[in-house]
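Visitor: Enclosed is the structure file protein.cif (mmCIF, C-alpha atoms and all ligand atoms; chains and numbers go by the auth columns).
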data_run
#
loop_
_atom_site.group_PDB
_atom_site.id
_atom_site.type_symbol
_atom_site.label_atom_id
_atom_site.label_comp_id
_atom_site.label_asym_id
_atom_site.label_seq_id
_atom_site.Cartn_x
_atom_site.Cartn_y
_atom_site.Cartn_z
_atom_site.B_iso_or_equiv
_atom_site.auth_seq_id
_atom_site.auth_asym_id
ATOM 1 C CA MET A 1 111.195 122.138 147.012 0.00 1 A
ATOM 2 C CA TYR A 2 108.558 119.398 146.912 0.00 2 A
ATOM 3 C CA ARG A 3 110.120 117.764 143.859 0.00 3 A
ATOM 4 C CA GLY A 4 113.502 117.756 145.460 0.00 4 A
ATOM 5 C CA SER A 5 112.320 115.891 148.512 0.00 5 A
ATOM 6 C CA LEU A 6 110.451 113.336 146.399 0.00 6 A
ATOM 7 C CA LYS A 7 113.587 112.723 144.409 0.00 7 A
ATOM 8 C CA ARG A 8 115.538 112.253 147.552 0.00 8 A
ATOM 9 C CA ARG A 9 112.934 109.861 148.972 0.00 9 A
ATOM 10 C CA ARG A 10 113.056 107.801 145.824 0.00 10 A
ATOM 11 C CA ALA A 11 116.821 107.705 145.849 0.00 11 A
ATOM 12 C CA LYS A 12 116.691 106.598 149.433 0.00 12 A
ATOM 13 C CA GLY A 13 114.255 103.831 148.538 0.00 13 A
ATOM 14 C CA ARG A 14 116.503 102.564 145.789 0.00 14 A
ATOM 15 C CA GLU A 15 119.434 102.609 148.114 0.00 15 A
ATOM 16 C CA ALA A 16 117.492 100.608 150.680 0.00 16 A
ATOM 17 C CA THR A 17 116.582 97.939 148.122 0.00 17 A
ATOM 18 C CA TYR A 18 120.170 97.771 147.026 0.00 18 A
ATOM 19 C CA ARG A 19 121.378 97.394 150.602 0.00 19 A
ATOM 20 C CA TYR A 20 118.708 94.737 151.249 0.00 20 A
ATOM 21 C CA ARG A 21 119.887 92.739 148.239 0.00 21 A
ATOM 22 C CA ILE A 22 123.511 92.916 149.294 0.00 22 A
ATOM 23 C CA LYS A 23 122.569 91.831 152.805 0.00 23 A
ATOM 24 C CA HIS A 24 120.488 88.892 151.604 0.00 24 A
ATOM 25 C CA ARG A 25 122.668 88.063 148.653 0.00 25 A
ATOM 26 C CA ASP A 26 123.030 84.384 149.540 0.00 26 A
ATOM 27 C CA ARG A 27 119.292 83.975 149.676 0.00 27 A
ATOM 28 C CA TYR A 28 118.883 85.540 146.249 0.00 28 A
ATOM 29 C CA LEU A 29 121.539 83.260 144.819 0.00 29 A
ATOM 30 C CA GLN A 30 119.891 80.250 146.380 0.00 30 A
ATOM 31 C CA LEU A 31 116.541 81.211 144.884 0.00 31 A
ATOM 32 C CA GLY A 32 118.222 81.429 141.496 0.00 32 A
ATOM 33 C CA ARG A 33 119.747 77.989 141.907 0.00 33 A
ATOM 34 C CA ALA A 34 116.448 76.474 143.026 0.00 34 A
ATOM 35 C CA TYR A 35 114.834 77.896 139.913 0.00 35 A
ATOM 36 C CA GLY A 36 117.533 76.302 137.768 0.00 36 A
ATOM 37 C CA ARG A 37 116.918 72.931 139.421 0.00 37 A
ATOM 38 C CA ARG A 38 113.192 73.151 138.780 0.00 38 A
ATOM 39 C CA ARG A 39 113.766 73.903 135.111 0.00 39 A
ATOM 40 C CA LYS A 40 116.070 70.965 134.496 0.00 40 A
ATOM 41 C CA PRO A 41 113.541 68.108 134.180 0.00 41 A
ATOM 42 C CA ARG A 42 111.512 70.105 131.687 0.00 42 A
ATOM 43 C CA LEU A 43 114.583 70.813 129.601 0.00 43 A
ATOM 44 C CA LYS A 44 115.370 67.099 129.620 0.00 44 A
ATOM 45 C CA ILE A 45 111.894 66.216 128.373 0.00 45 A
ATOM 46 C CA TYR A 46 112.152 68.873 125.664 0.00 46 A
ATOM 47 C CA ARG A 47 115.561 67.576 124.593 0.00 47 A
ATOM 48 C CA ASN A 48 114.349 63.972 124.514 0.00 48 A
ATOM 49 C CA LYS A 49 111.406 65.017 122.398 0.00 49 A
ATOM 50 C CA LEU A 50 113.655 66.761 119.887 0.00 50 A
ATOM 51 C CA LYS A 51 115.949 63.757 119.862 0.00 51 A
ATOM 52 C CA SER A 52 113.144 61.288 119.175 0.00 52 A
ATOM 53 C CA ILE A 53 111.816 63.444 116.324 0.00 53 A
ATOM 54 C CA VAL A 54 115.246 63.554 114.708 0.00 54 A
ATOM 55 C CA LEU A 55 116.020 59.872 115.304 0.00 55 A
ATOM 56 C CA ASP A 56 112.669 58.821 113.831 0.00 56 A
ATOM 57 C CA LYS A 57 113.351 60.849 110.697 0.00 57 A
ATOM 58 C CA TYR A 58 116.720 59.181 110.188 0.00 58 A
ATOM 59 C CA GLY A 59 115.327 55.688 110.546 0.00 59 A
ATOM 60 C CA GLY A 60 115.477 55.191 114.313 0.00 60 A
ATOM 61 C CA LYS A 61 118.350 52.696 114.309 0.00 61 A
ATOM 62 C CA CYS A 62 122.121 52.536 114.123 0.00 62 A
ATOM 63 C CA ALA A 63 123.291 52.823 110.507 0.00 63 A
ATOM 64 C CA CYS A 64 126.016 50.317 111.282 0.00 64 A
ATOM 65 C CA CYS A 65 124.722 47.543 113.537 0.00 65 A
ATOM 66 C CA GLY A 66 120.994 48.313 113.474 0.00 66 A
ATOM 67 C CA ASP A 67 120.712 48.832 117.218 0.00 67 A
ATOM 68 C CA THR A 68 117.399 50.475 118.057 0.00 68 A
ATOM 69 C CA HIS A 69 118.000 51.336 121.706 0.00 69 A
ATOM 70 C CA TYR A 70 117.068 54.977 121.863 0.00 70 A
ATOM 71 C CA GLU A 71 119.478 55.582 124.733 0.00 71 A
ATOM 72 C CA PHE A 72 122.483 54.419 122.678 0.00 72 A
ATOM 73 C CA LEU A 73 121.663 56.313 119.524 0.00 73 A
ATOM 74 C CA CYS A 74 123.136 59.618 118.527 0.00 74 A
ATOM 75 C CA ILE A 75 123.500 61.769 115.442 0.00 75 A
ATOM 76 C CA ASP A 76 126.659 61.345 113.406 0.00 76 A
ATOM 77 C CA HIS A 77 127.982 63.591 110.678 0.00 77 A
ATOM 78 C CA VAL A 78 128.318 61.300 107.647 0.00 78 A
ATOM 79 C CA LYS A 79 131.335 62.959 106.071 0.00 79 A
ATOM 80 C CA GLY A 80 133.174 63.281 109.353 0.00 80 A
ATOM 81 C CA GLY A 81 134.269 66.646 110.664 0.00 81 A
ATOM 82 C CA GLY A 82 131.263 66.521 112.955 0.00 82 A
ATOM 83 C CA ASN A 83 132.915 68.701 115.513 0.00 83 A
ATOM 84 C CA LYS A 84 133.687 71.443 113.031 0.00 84 A
ATOM 85 C CA HIS A 85 130.146 71.418 111.703 0.00 85 A
ATOM 86 C CA ARG A 86 128.742 71.253 115.187 0.00 86 A
ATOM 87 C CA ARG A 87 130.777 74.296 116.140 0.00 87 A
ATOM 88 C CA GLU A 88 129.484 76.161 113.108 0.00 88 A
ATOM 89 C CA VAL A 89 125.905 75.204 113.855 0.00 89 A
ATOM 90 C CA LEU A 90 125.986 75.796 117.542 0.00 90 A
ATOM 91 C CA LYS A 91 128.248 78.834 117.597 0.00 91 A
ATOM 92 C CA SER A 92 128.017 80.081 121.150 0.00 92 A
ATOM 93 C CA CYS A 93 125.278 77.687 122.189 0.00 93 A
ATOM 94 C CA SER A 94 126.677 74.698 124.038 0.00 94 A
ATOM 95 C CA HIS A 95 123.478 72.713 124.619 0.00 95 A
ATOM 96 C CA GLY A 96 123.227 69.376 122.821 0.00 96 A
ATOM 97 C CA HIS A 97 119.653 69.947 121.728 0.00 97 A
ATOM 98 C CA ALA A 98 120.718 72.888 119.556 0.00 98 A
ATOM 99 C CA LEU A 99 121.985 70.405 116.971 0.00 99 A
ATOM 100 C CA TYR A 100 118.623 68.595 116.941 0.00 100 A
ATOM 101 C CA ARG A 101 116.852 71.918 116.607 0.00 101 A
ATOM 102 C CA TRP A 102 119.143 72.901 113.755 0.00 102 A
ATOM 103 C CA ILE A 103 118.455 69.605 111.957 0.00 103 A
ATOM 104 C CA ILE A 104 114.686 70.046 112.298 0.00 104 A
ATOM 105 C CA ARG A 105 114.854 73.657 111.149 0.00 105 A
ATOM 106 C CA ASN A 106 116.930 72.638 108.118 0.00 106 A
ATOM 107 C CA ASN A 107 114.529 69.870 107.146 0.00 107 A
ATOM 108 C CA PHE A 108 116.696 66.876 108.080 0.00 108 A
ATOM 109 C CA PRO A 109 119.633 67.209 105.669 0.00 109 A
ATOM 110 C CA ARG A 110 121.225 63.981 104.471 0.00 110 A
ATOM 111 C CA ILE A 111 124.598 64.831 105.918 0.00 111 A
ATOM 112 C CA PHE A 112 123.649 63.035 109.117 0.00 112 A
ATOM 113 C CA ARG A 113 123.065 59.437 110.067 0.00 113 A
ATOM 114 C CA ILE A 114 122.338 57.625 113.289 0.00 114 A
ATOM 115 C CA LEU A 115 124.949 55.579 115.053 0.00 115 A
ATOM 116 C CA CYS A 116 124.811 53.826 118.381 0.00 116 A
ATOM 117 C CA ALA A 117 127.335 54.787 121.026 0.00 117 A
ATOM 118 C CA ASN A 118 129.506 51.722 120.319 0.00 118 A
ATOM 119 C CA CYS A 119 129.773 52.177 116.573 0.00 119 A
ATOM 120 C CA ASN A 120 130.130 55.930 116.878 0.00 120 A
ATOM 121 C CA GLN A 121 133.005 55.610 119.313 0.00 121 A
ATOM 122 C CA ALA A 122 134.731 52.864 117.346 0.00 122 A
ATOM 123 C CA ILE A 123 134.576 54.939 114.157 0.00 123 A
ATOM 124 C CA GLY A 124 135.639 58.065 116.028 0.00 124 A
ATOM 125 C CA ILE A 125 138.676 56.422 117.604 0.00 125 A
ATOM 126 C CA HIS A 126 139.724 53.778 115.070 0.00 126 A
ATOM 127 C CA GLY A 127 138.237 55.195 111.870 0.00 127 A
ATOM 128 C CA TYR A 128 136.147 52.060 111.340 0.00 128 A
ATOM 129 C CA CYS A 129 133.670 49.911 113.214 0.00 129 A
ATOM 130 C CA PRO A 130 134.512 46.237 113.877 0.00 130 A
ATOM 131 C CA HIS A 131 131.008 45.339 112.645 0.00 131 A
ATOM 132 C CA GLN A 132 131.807 46.727 109.199 0.00 132 A
ATOM 133 C CA LYS A 133 135.266 45.287 108.977 0.00 133 A
ATOM 134 C CA VAL A 134 133.742 41.828 108.953 0.00 134 A
ATOM 135 C CA GLU A 135 130.444 42.281 107.162 0.00 135 A
ATOM 136 C CA ASN A 136 130.107 45.436 105.144 0.00 136 A
ATOM 137 C CA PRO A 137 133.245 47.553 104.820 0.00 137 A
ATOM 138 C CA GLU A 138 131.883 50.186 102.416 0.00 138 A
ATOM 139 C CA ILE A 139 129.447 51.817 104.853 0.00 139 A
ATOM 140 C CA VAL A 140 132.240 53.163 107.049 0.00 140 A
ATOM 141 C CA ASN A 141 133.740 55.173 104.218 0.00 141 A
ATOM 142 C CA THR A 142 130.541 56.865 103.096 0.00 142 A
HETATM 143 ZN ZN ZN B . 125.796 50.377 116.152 0.00 201 B
HETATM 144 ZN ZN ZN B . 129.163 49.046 114.235 0.00 202 B
#
Please express what this file holds, its structure, as structure tokens.
Guide:
Amino acid sequence: MYRGSLKRRRAKGREATYRYRIKHRDRYLQLGRAYGRRRKPRLKIYRNKLKSIVLDKYGGKCACCGDTHYEFLCIDHVKGGGNKHRREVLKSCSHGHALYRWIIRNNFPRIFRILCANCNQAIGIHGYCPHQKVENPEIVNT
């Protein structure tokens, strides 16, 4: 008898919480979003830190034109097929810093180099960089 009523009271309590959540659903969602916003700057700092570690290890400048502007630099897969490798490395994870983390964990394999945004895009689209065409054509085909 006593147990039964306790059980019922508990069930009622759960139901009340559930109803409360449904009723204030928007507020809960908003709280979740606010939390996400607060986390973002920290994630950015973390990502930048990973990036600078990786860039430093690979020489800290564009392998093509020698640009050292951190903001322009990115990791390039030397033998091409970067997207395929990236997919293999990242699997379900879509965050950019996962690649940096993978590189650090795998002790900076030599299959990567640093390119600035210009050279990277030129090579990606045209298969060569105009810098190399004039000065040093062999680097593009490495
Ligand atoms: Zn460059
Ligand atoms: Zn270039």
Visitor: Counting all atoms listed in the file, name the residues that have an atom within 7 Å of an atom of ligand ZN 202 (chain B); the answer should be given as a CSV table (one decimal) with C-alpha atoms, in the coordinates of the input.
Guide:
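File out-v2.csv, as written:
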chain,number,residue,atom,x,y,z
A,64,CYS,CA,126.0,50.3,111.3
A,65,CYS,CA,124.7,47.5,113.5
A,118,ASN,CA,129.5,51.7,120.3
A,119,CYS,CA,129.8,52.2,116.6
A,129,CYS,CA,133.7,49.9,113.2
A,130,PRO,CA,134.5,46.2,113.9
A,131,HIS,CA,131.0,45.3,112.6
A,132,GLN,CA,131.8,46.7,109.2
Visitor: From the set A:Pro109, A:Gly124, A:Gly66, A:Gly59, which residue has the shortest atom-to-atom contact distance to ligand ZN 201 (chain B), counting all atoms listed in the file?
Guide: A:Gly66
Visitor: What is the distance between CA of Tyr46 in chain A and CA of His97 in chain A, in Å to one decimal?
Guide: 8.5 Å
Visitor: Please identify all protein, DNA and RNA residues within 12 Å of ligand ZN 201 (chain B), counting all atoms listed in the file, and report them as number ranges by chain.
Guide: A: 60-76, 113-123, 128-132, 139-140
Visitor: Figure out the distance between CA of Lys49 in chain A and CA of Asn107 in chain A, please, to one decimal in Å.
Guide: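 Spanning CA of Asn107 in chain A to CA of Lys49 in chain A is a straight-line distance of 16.3 Å.
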Visitor: Between A:Val54, A:Arg110, A:Ala98, A:Ile104, which is the closest to Val78 in chain A once you count only C-alpha atoms?
Guide: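 For Val78 in chain A, the nearest of the given residues is A:Arg110.
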Visitor: What does the distance from CA of Arg42 in chain A to CA of Arg101 in chain A come to in Å, to one decimal?
Guide: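 Atom-to-atom, CA of Arg42 in chain A and CA of Arg101 in chain A are spaced 16.1 Å apart.
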